[in-house]
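Trainee: File name model.pdb; file contents PDB, C-alpha atoms; full text below.
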MODEL        1
ATOM      1  CA  MET U  85      91.012 101.285  87.189
ATOM      2  CA  ASN U  86      92.433 100.840  90.675
ATOM      3  CA  VAL U  87      93.849  97.611  92.073
ATOM      4  CA  THR U  88      95.056  96.895  95.603
ATOM      5  CA  VAL U  89      97.026  93.787  96.534
ATOM      6  CA  TYR U  90      97.753  92.793 100.125
ATOM      7  CA  PRO U  91     101.143  91.009 100.193
ATOM      8  CA  ASN U  92     100.251  89.481 103.573
ATOM      9  CA  SER U  93      97.774  87.282 101.675
ATOM     10  CA  ILE U  94     100.531  85.438  99.799
ATOM     11  CA  ASN U  95      99.941  81.684  99.736
ATOM     12  CA  THR U  96     102.719  79.334  98.649
ATOM     13  CA  ASN U  97     101.605  76.246 100.622
ATOM     14  CA  ASN U  98     104.917  76.595 102.482
ATOM     15  CA  ALA U  99     104.546  78.345 105.853
ATOM     16  CA  LYS U 100     108.292  78.970 106.282
ATOM     17  CA  LEU U 101     108.591  80.559 102.830
ATOM     18  CA  GLU U 102     105.486  82.677 103.421
ATOM     19  CA  GLU U 103     106.905  83.951 106.722
ATOM     20  CA  GLU U 104     110.172  84.892 105.015
ATOM     21  CA  LEU U 105     108.421  86.642 102.101
ATOM     22  CA  ARG U 106     106.226  88.635 104.503
ATOM     23  CA  GLY U 107     109.284  89.733 106.491
ATOM     24  CA  ASP U 108     111.367  92.882 106.144
ATOM     25  CA  LYS U 109     113.807  91.316 103.626
ATOM     26  CA  PHE U 110     111.082  91.012 100.977
ATOM     27  CA  PHE U 111     107.531  92.421 101.206
ATOM     28  CA  ASP U 112     107.803  93.951 104.717
ATOM     29  CA  VAL U 113     104.036  93.620 105.193
ATOM     30  CA  ILE U 114     104.064  95.402 108.560
ATOM     31  CA  LYS U 115     105.542  98.593 107.090
ATOM     32  CA  TYR U 116     103.928  98.237 103.625
ATOM     33  CA  PRO U 117     100.616  96.367 103.985
ATOM     34  CA  ARG U 118      99.499  96.975 100.412
ATOM     35  CA  ALA U 119     100.712  97.420  96.845
ATOM     36  CA  THR U 120      98.549  99.530  94.534
ATOM     37  CA  PHE U 121      98.082 100.242  90.847
ATOM     38  CA  GLN U 122      96.125 103.255  89.602
ATOM     39  CA  SER U 123      95.621 103.533  85.849
ATOM     40  CA  THR U 124      96.306 106.797  84.061
ATOM     41  CA  LYS U 125      95.688 105.645  80.465
ATOM     42  CA  ILE U 126      93.885 102.718  78.823
ATOM     43  CA  GLU U 127      94.465 102.019  75.120
ATOM     44  CA  ARG U 128      92.590  99.352  73.166
ATOM     45  CA  THR U 129      94.928  97.651  70.668
ATOM     46  CA  SER U 130      92.503  95.013  69.320
ATOM     47  CA  ALA U 131      89.121  93.492  70.100
ATOM     48  CA  THR U 132      90.694  91.401  72.895
ATOM     49  CA  SER U 133      93.844  93.276  73.944
ATOM     50  CA  GLY U 134      95.101  96.605  75.153
ATOM     51  CA  LYS U 135      97.717  98.558  77.057
ATOM     52  CA  ILE U 136      97.111  99.982  80.508
ATOM     53  CA  THR U 137      99.525 102.568  81.860
ATOM     54  CA  GLY U 138      99.460 103.666  85.459
ATOM     55  CA  ASP U 139     101.206 104.286  88.744
ATOM     56  CA  PHE U 140     102.380 101.206  90.651
ATOM     57  CA  THR U 141     103.274 101.654  94.322
ATOM     58  CA  PHE U 142     105.281  98.919  96.024
ATOM     59  CA  LEU U 143     107.374  99.178  99.194
ATOM     60  CA  GLY U 144     106.508 102.861  99.393
ATOM     61  CA  VAL U 145     107.929 103.668  95.935
ATOM     62  CA  THR U 146     105.690 104.733  93.032
ATOM     63  CA  ARG U 147     106.683 104.264  89.385
ATOM     64  CA  SER U 148     104.837 104.376  86.077
ATOM     65  CA  ILE U 149     104.343 100.990  84.403
ATOM     66  CA  THR U 150     102.632  99.785  81.232
ATOM     67  CA  LEU U 151     100.769  96.476  81.090
ATOM     68  CA  ASP U 152      99.962  94.461  77.965
ATOM     69  CA  THR U 153      96.517  93.019  78.639
ATOM     70  CA  THR U 154      94.533  90.218  77.004
ATOM     71  CA  LEU U 155      90.869  89.407  77.546
ATOM     72  CA  VAL U 156      90.529  85.963  79.117
ATOM     73  CA  GLY U 157      86.754  85.823  79.217
ATOM     74  CA  ALA U 158      83.507  87.445  80.273
ATOM     75  CA  GLY U 159      80.204  86.232  81.609
ATOM     76  CA  LYS U 160      77.590  86.504  84.314
ATOM     77  CA  ARG U 161      78.218  85.211  87.811
ATOM     78  CA  PRO U 162      75.765  82.393  88.555
ATOM     79  CA  MET U 163      75.023  83.633  92.080
ATOM     80  CA  ASP U 164      73.886  87.179  91.280
ATOM     81  CA  GLY U 165      73.957  87.588  87.495
ATOM     82  CA  LYS U 166      76.537  90.421  87.604
ATOM     83  CA  LEU U 167      78.878  90.716  84.638
ATOM     84  CA  VAL U 168      82.504  89.783  85.333
ATOM     85  CA  ILE U 169      85.446  90.185  82.973
ATOM     86  CA  GLY U 170      88.864  88.544  83.321
ATOM     87  CA  PHE U 171      92.164  89.758  81.888
ATOM     88  CA  SER U 172      95.762  88.614  81.972
ATOM     89  CA  ALA U 173      98.485  91.252  82.104
ATOM     90  CA  THR U 174     102.237  91.418  81.564
ATOM     91  CA  VAL U 175     104.467  94.370  82.426
ATOM     92  CA  VAL U 176     105.983  95.670  79.181
ATOM     93  CA  SER U 177     107.711  98.779  80.489
ATOM     94  CA  ALA U 178     108.540 100.040  83.916
ATOM     95  CA  ALA U 179     110.895 102.493  85.517
ATOM     96  CA  ARG U 180     113.386 100.648  87.726
ATOM     97  CA  ILE U 181     112.235 100.480  91.330
ATOM     98  CA  SER U 182     115.092 100.637  93.815
ATOM     99  CA  VAL U 183     114.438 100.493  97.523
TER     100      VAL U 183
ENDMDL
END
Can the structure in the file be given as structure tokens, please?

Mentor:
Amino acid sequence: MNVTVYPNSINTNNAKLEEELRGDKFFDVIKYPRATFQSTKIERTSATSGKITGDFTFLGVTRSITLDTTLVGAGKRPMDGKLVIGFSATVVSAARISV
């Protein structure tokens, strides 16, 4: 599983806050336009939960993290009938990221 997030897409409904978050004091979206997660291990812990371990890269630093995941739901999209699955995830362990 690979996930890419573009910090420039942050939406807080507050233009001043968004500008500050996108700046070099926080997300520095010019220098680091994306944050990525690439899984290295997926472990099913029950019928609706699991642990996903992988490499998280943020602000140019990569660390291993583990996510506790829970199935939110699954179904077919009404427009094209493709199966979609939703999960929630919480970081349960991570190496400290210092930048």

Trainee: Quick one: what's the axis-aligned box for range 90-104 of chain U, all listed atoms, 4 Å on every side, centre and edges in Å to one decimal, as AutoDock Vina command-line options?

Mentor:
--center_x 104.0 --center_y 84.5 --center_z 102.7 --size_x 20.4 --size_y 24.5 --size_z 16.1

Trainee: Please write as a VMD selection string the full residue list that the PyMOL selection byres ((chain U and resi 137-150) around 12) yields on this file.

Mentor: chain U and resid 85 to 91 106 108 to 128 134 to 136 151 to 153 173 to 183

Trainee: Just to confirm, what's the straight-line distance from CA of Gly157 in chain U to CA of Ile94 in chain U in Å (one decimal)?

Mentor: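 Going from CA of Gly157 in chain U over to CA of Ile94 in chain U, I get 24.8 Å.
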
Trainee: If you measure from CA of Ser130 in chain U to CA of Gly165 in chain U, what distance in Å do you get, rounded to one decimal?

Mentor: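 CA of Gly165 in chain U lies at a distance of 27.0 Å from CA of Ser130 in chain U.
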
Trainee: Which neighbours of Val168 in chain U fall inside 9 Å, counting all atoms listed in the file, when residues of the same chain fewer than 3 positions from it are skipped, and could you give them as a list in words?

Mentor: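 That gives Gly157, Ala158, Gly159, Lys160 and Arg161 of chain U.
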
Trainee: State, in Å with one decimal place, the distance from CA of Leu155 in chain U to CA of Ala131 in chain U.

Mentor: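 Value for the CA of Leu155 in chain U-CA of Ala131 in chain U distance: 8.7 Å.
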
Trainee: Would you mind putting back all heavy atoms on range 156-167 of chain U, then writing it out as an mmCIF file, keeping the file's coordinate frame?

Mentor:
data_model
loop_
_atom_site.group_PDB
_atom_site.id
_atom_site.type_symbol
_atom_site.label_atom_id
_atom_site.label_comp_id
_atom_site.auth_asym_id
_atom_site.auth_seq_id
_atom_site.Cartn_x
_atom_site.Cartn_y
_atom_site.Cartn_z
ATOM 1 N N VAL U 156 90.587 87.401 78.873
ATOM 2 C CA VAL U 156 90.529 85.963 79.117
ATOM 3 C C VAL U 156 89.110 85.456 78.921
ATOM 4 O O VAL U 156 88.887 84.397 78.347
ATOM 5 C CB VAL U 156 91.031 85.629 80.541
ATOM 6 C CG1 VAL U 156 90.836 84.167 80.860
ATOM 7 C CG2 VAL U 156 92.490 86.021 80.694
ATOM 8 N N GLY U 157 88.138 86.233 79.375
ATOM 9 C CA GLY U 157 86.754 85.823 79.217
ATOM 10 C C GLY U 157 85.809 86.768 79.924
ATOM 11 O O GLY U 157 86.225 87.625 80.693
ATOM 12 N N ALA U 158 84.530 86.619 79.646
ATOM 13 C CA ALA U 158 83.507 87.445 80.273
ATOM 14 C C ALA U 158 82.239 86.609 80.409
ATOM 15 O O ALA U 158 82.004 85.686 79.631
ATOM 16 C CB ALA U 158 83.228 88.686 79.436
ATOM 17 N N GLY U 159 81.461 86.940 81.418
ATOM 18 C CA GLY U 159 80.204 86.232 81.609
ATOM 19 C C GLY U 159 79.502 86.715 82.859
ATOM 20 O O GLY U 159 79.994 87.593 83.560
ATOM 21 N N LYS U 160 78.357 86.136 83.120
ATOM 22 C CA LYS U 160 77.590 86.504 84.314
ATOM 23 C C LYS U 160 77.889 85.518 85.435
ATOM 24 O O LYS U 160 77.967 84.303 85.201
ATOM 25 C CB LYS U 160 76.092 86.511 84.005
ATOM 26 C CG LYS U 160 75.697 87.635 83.081
ATOM 27 C CD LYS U 160 74.204 87.675 82.901
ATOM 28 C CE LYS U 160 73.825 88.859 82.006
ATOM 29 N NZ LYS U 160 72.374 88.988 81.886
ATOM 30 N N ARG U 161 78.035 86.065 86.641
ATOM 31 C CA ARG U 161 78.218 85.211 87.811
ATOM 32 C C ARG U 161 76.919 84.465 88.075
ATOM 33 O O ARG U 161 75.835 85.061 88.060
ATOM 34 C CB ARG U 161 78.588 86.031 89.048
ATOM 35 C CG ARG U 161 79.939 86.650 88.946
ATOM 36 C CD ARG U 161 80.408 87.201 90.265
ATOM 37 N NE ARG U 161 79.529 88.239 90.787
ATOM 38 C CZ ARG U 161 79.914 89.208 91.601
ATOM 39 N NH1 ARG U 161 81.163 89.276 92.004
ATOM 40 N NH2 ARG U 161 79.056 90.094 92.040
ATOM 41 N N PRO U 162 76.993 83.172 88.343
ATOM 42 C CA PRO U 162 75.765 82.393 88.555
ATOM 43 C C PRO U 162 74.993 82.794 89.813
ATOM 44 O O PRO U 162 73.776 82.656 89.855
ATOM 45 C CB PRO U 162 76.245 80.949 88.650
ATOM 46 C CG PRO U 162 77.711 81.003 88.790
ATOM 47 C CD PRO U 162 78.176 82.339 88.334
ATOM 48 N N MET U 163 75.689 83.321 90.818
ATOM 49 C CA MET U 163 75.023 83.633 92.080
ATOM 50 C C MET U 163 74.158 84.888 92.010
ATOM 51 O O MET U 163 73.101 84.951 92.615
ATOM 52 C CB MET U 163 76.054 83.791 93.206
ATOM 53 C CG MET U 163 76.845 82.525 93.459
ATOM 54 S SD MET U 163 75.822 81.131 93.940
ATOM 55 C CE MET U 163 75.498 81.550 95.624
ATOM 56 N N ASP U 164 74.631 85.913 91.286
ATOM 57 C CA ASP U 164 73.886 87.179 91.280
ATOM 58 C C ASP U 164 73.671 87.768 89.886
ATOM 59 O O ASP U 164 73.061 88.816 89.749
ATOM 60 C CB ASP U 164 74.568 88.208 92.178
ATOM 61 C CG ASP U 164 75.989 88.521 91.747
ATOM 62 O OD1 ASP U 164 76.390 88.166 90.621
ATOM 63 O OD2 ASP U 164 76.720 89.130 92.547
ATOM 64 N N GLY U 165 74.174 87.114 88.849
ATOM 65 C CA GLY U 165 73.957 87.588 87.495
ATOM 66 C C GLY U 165 74.788 88.791 87.081
ATOM 67 O O GLY U 165 74.624 89.301 85.978
ATOM 68 N N LYS U 166 75.693 89.267 87.953
ATOM 69 C CA LYS U 166 76.537 90.421 87.604
ATOM 70 C C LYS U 166 77.589 90.015 86.585
ATOM 71 O O LYS U 166 78.130 88.912 86.625
ATOM 72 C CB LYS U 166 77.214 90.985 88.847
ATOM 73 C CG LYS U 166 76.250 91.687 89.774
ATOM 74 C CD LYS U 166 76.986 92.347 90.915
ATOM 75 C CE LYS U 166 75.995 93.072 91.807
ATOM 76 N NZ LYS U 166 76.673 93.726 92.927
ATOM 77 N N LEU U 167 77.876 90.947 85.667
ATOM 78 C CA LEU U 167 78.878 90.716 84.638
ATOM 79 C C LEU U 167 80.273 90.764 85.250
ATOM 80 O O LEU U 167 80.580 91.669 86.029
ATOM 81 C CB LEU U 167 78.777 91.776 83.536
ATOM 82 C CG LEU U 167 79.811 91.686 82.419
ATOM 83 C CD1 LEU U 167 79.635 90.394 81.624
ATOM 84 C CD2 LEU U 167 79.714 92.888 81.508
#
